[in-house]
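Engineer: Before anything else, here's the structure in question.
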Amino acid sequence: MKFLDRTKIYIQSGAGGAGCLSFRREKFVEFGGPNGGDGGAGGHVWAEAVENLNTLIDYRYQQHFKAQNGRPGEGSNRTGASADDLVIKVPVGTQIFEEDEETLIADLDTPGERVLLAKGGNGGFGNARFKSSTNQAPRRANPGQPGEQRTIWLRLKLIADIGLVGLPNAGKSTFLAAVSAAKPKIADYPFTTLHPNLGVVRVGEGQSFVLADIPGLIEGAHEGAGIGDRFLGHVERCAALLHLVDGTQEDVADAYRTVRGELEAYSHELAQKREIVVLNKIDALTPEDIETRKAALADASGVNVEVISGAAGMGMQPLLHKLMALAAAARGEYLKPDEISEPEEDQWTP
């Protein structure tokens, strides 16, 4: 399945049915007169967040959505049938914008959450509605109200607890594959990750968090360099950022500052998120190099630096425990380090 996180669609609600102009005329039946029924209401257009979707690919092949019109009224005071509503199902975490892509209509971040996008037209009154003592034979019936037409943008932001950021080839996909059952593409050249990947990391019994891996950032990404920063929106909802730095680089501090500059250029709120800085690929370094580059990275970031190797599995468990505690705190579940249990061996994780 292809990943699509942004698309434009066109919606139209149903028009109301017309009222009926009708009279009762039967031989030997008194009290005849107007008996035209009202028209039925047109269908509304709703958007609903559902859990079994993780991409907007369905809306690449169908962009136009129109609800049915209401049925017109009929004689004998019969009201026309109202049309069914049209429900557009989107993944949890979808934002809906006006055509200008700036005005936010709704942010559907909860399963089952709904928003009305276009209201169906009301049905018109039949002539039976207009009869009175002074107008006993009205020859007037209203048409139904027209439906609403809108052009909207759908933008998906993945729901994850921890977001992975870093330069290309920092080892983000390798880390994701090592700690979860996700199978991202891994290769020894930059930009092997072309779209975000999600993985569920199981730390202990009933203790897990969702990790999001996005394509690597390079200098000038906010201006469109490389893949750009379009995928940074997928880590805006995360409780914390896991910043991986390739330890085999000569200048790890410059690599850290490059990514931080792109985060700050994208969003001040994103740059203010809690950040865990990690020196990766220590299996390829000598102990002296590890200490030197760890100290340089700590000076550049101003925080304590973790050291790991995603490929060799070195230093992983303490880091996962720290990430689990951050994810739990964001959900309002405050866990102490001794409350985080070790996962059972050979236990399957999604």
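Following the order of the structure tokens, chains are lettered A, B, ..., residues in each are numbered from 1, and ligands are numbered from 1.
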Excluding same-chain residues fewer than 5 positions from stretch 232-242 of chain A, what lies within 10 Å of it counting only C-alpha atoms, as a count of residues only?
Structural biologist: 49
Engineer: Would you please give, as a ChimeraX atom specification, all residues of stretch 104-336 of chain A that DSSP assigns to strand (DSSP E) based on the backbone?
Structural biologist: /A:104-108,114-118,149-156,162-165,197-204,207-213,240-246,274-280,305-307
Engineer: Taking only stretch 103-320 of chain A into account, list the residues labelled alpha helix (DSSP H) by DSSP (computed from the backbone), as a PyMOL selection string.
Structural biologist: chain A and resi 172-179+252-266+268-271+287-301+316-320
Engineer: Just to confirm, what's the straight-line distance from atom CA of A:Phe31 to atom CA of A:Gly19 in Å (one decimal)?
Structural biologist: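 One can read the atom CA of A:Phe31 to atom CA of A:Gly19 distance as 21.4 Å.
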Engineer: Would you please work out which residue, of A:Phe175, A:Phe130, A:Phe28, A:Trp153, is nearest to A:Asp107 when using only C-alpha atoms?
Structural biologist: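 Selected residue with least distance to A:Asp107: A:Trp153.
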Engineer: Which polymer residues have any atom within 6 Å of an atom of A:Ile11, counting only C-alpha atoms, with same-chain residues fewer than 2 positions away left out, as a list in words?
Structural biologist: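 Final neighbour list, sorted by chain and number: His64, Phe65, Lys66, Gln149 and Arg150 of chain A.
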Engineer: Could you write those residues out with N, CA, C and O atoms, as a compact mmCIF listing (two decimals), in the first residue's frame?
Structural biologist:
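Writing the result to selection.txt gives the following:
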```
# COMPACT_ATOMS: atom_id res chain seq x y z
N HIS A 64 -14.17 13.18 -5.80
CA HIS A 64 -15.47 13.83 -5.78
C HIS A 64 -16.46 12.99 -4.98
O HIS A 64 -16.63 11.79 -5.24
N PHE A 65 -17.13 13.63 -4.02
CA PHE A 65 -18.09 12.94 -3.16
C PHE A 65 -19.37 13.78 -3.11
O PHE A 65 -19.32 14.97 -2.76
N LYS A 66 -20.48 13.15 -3.45
CA LYS A 66 -21.76 13.86 -3.49
C LYS A 66 -22.82 13.04 -2.78
O LYS A 66 -23.03 11.86 -3.10
N GLN A 149 -21.47 23.09 -1.65
CA GLN A 149 -20.29 22.57 -2.33
C GLN A 149 -19.03 23.15 -1.68
O GLN A 149 -18.98 24.34 -1.39
N ARG A 150 -18.04 22.30 -1.45
CA ARG A 150 -16.79 22.75 -0.82
C ARG A 150 -15.61 21.99 -1.41
O ARG A 150 -15.74 20.82 -1.82
```
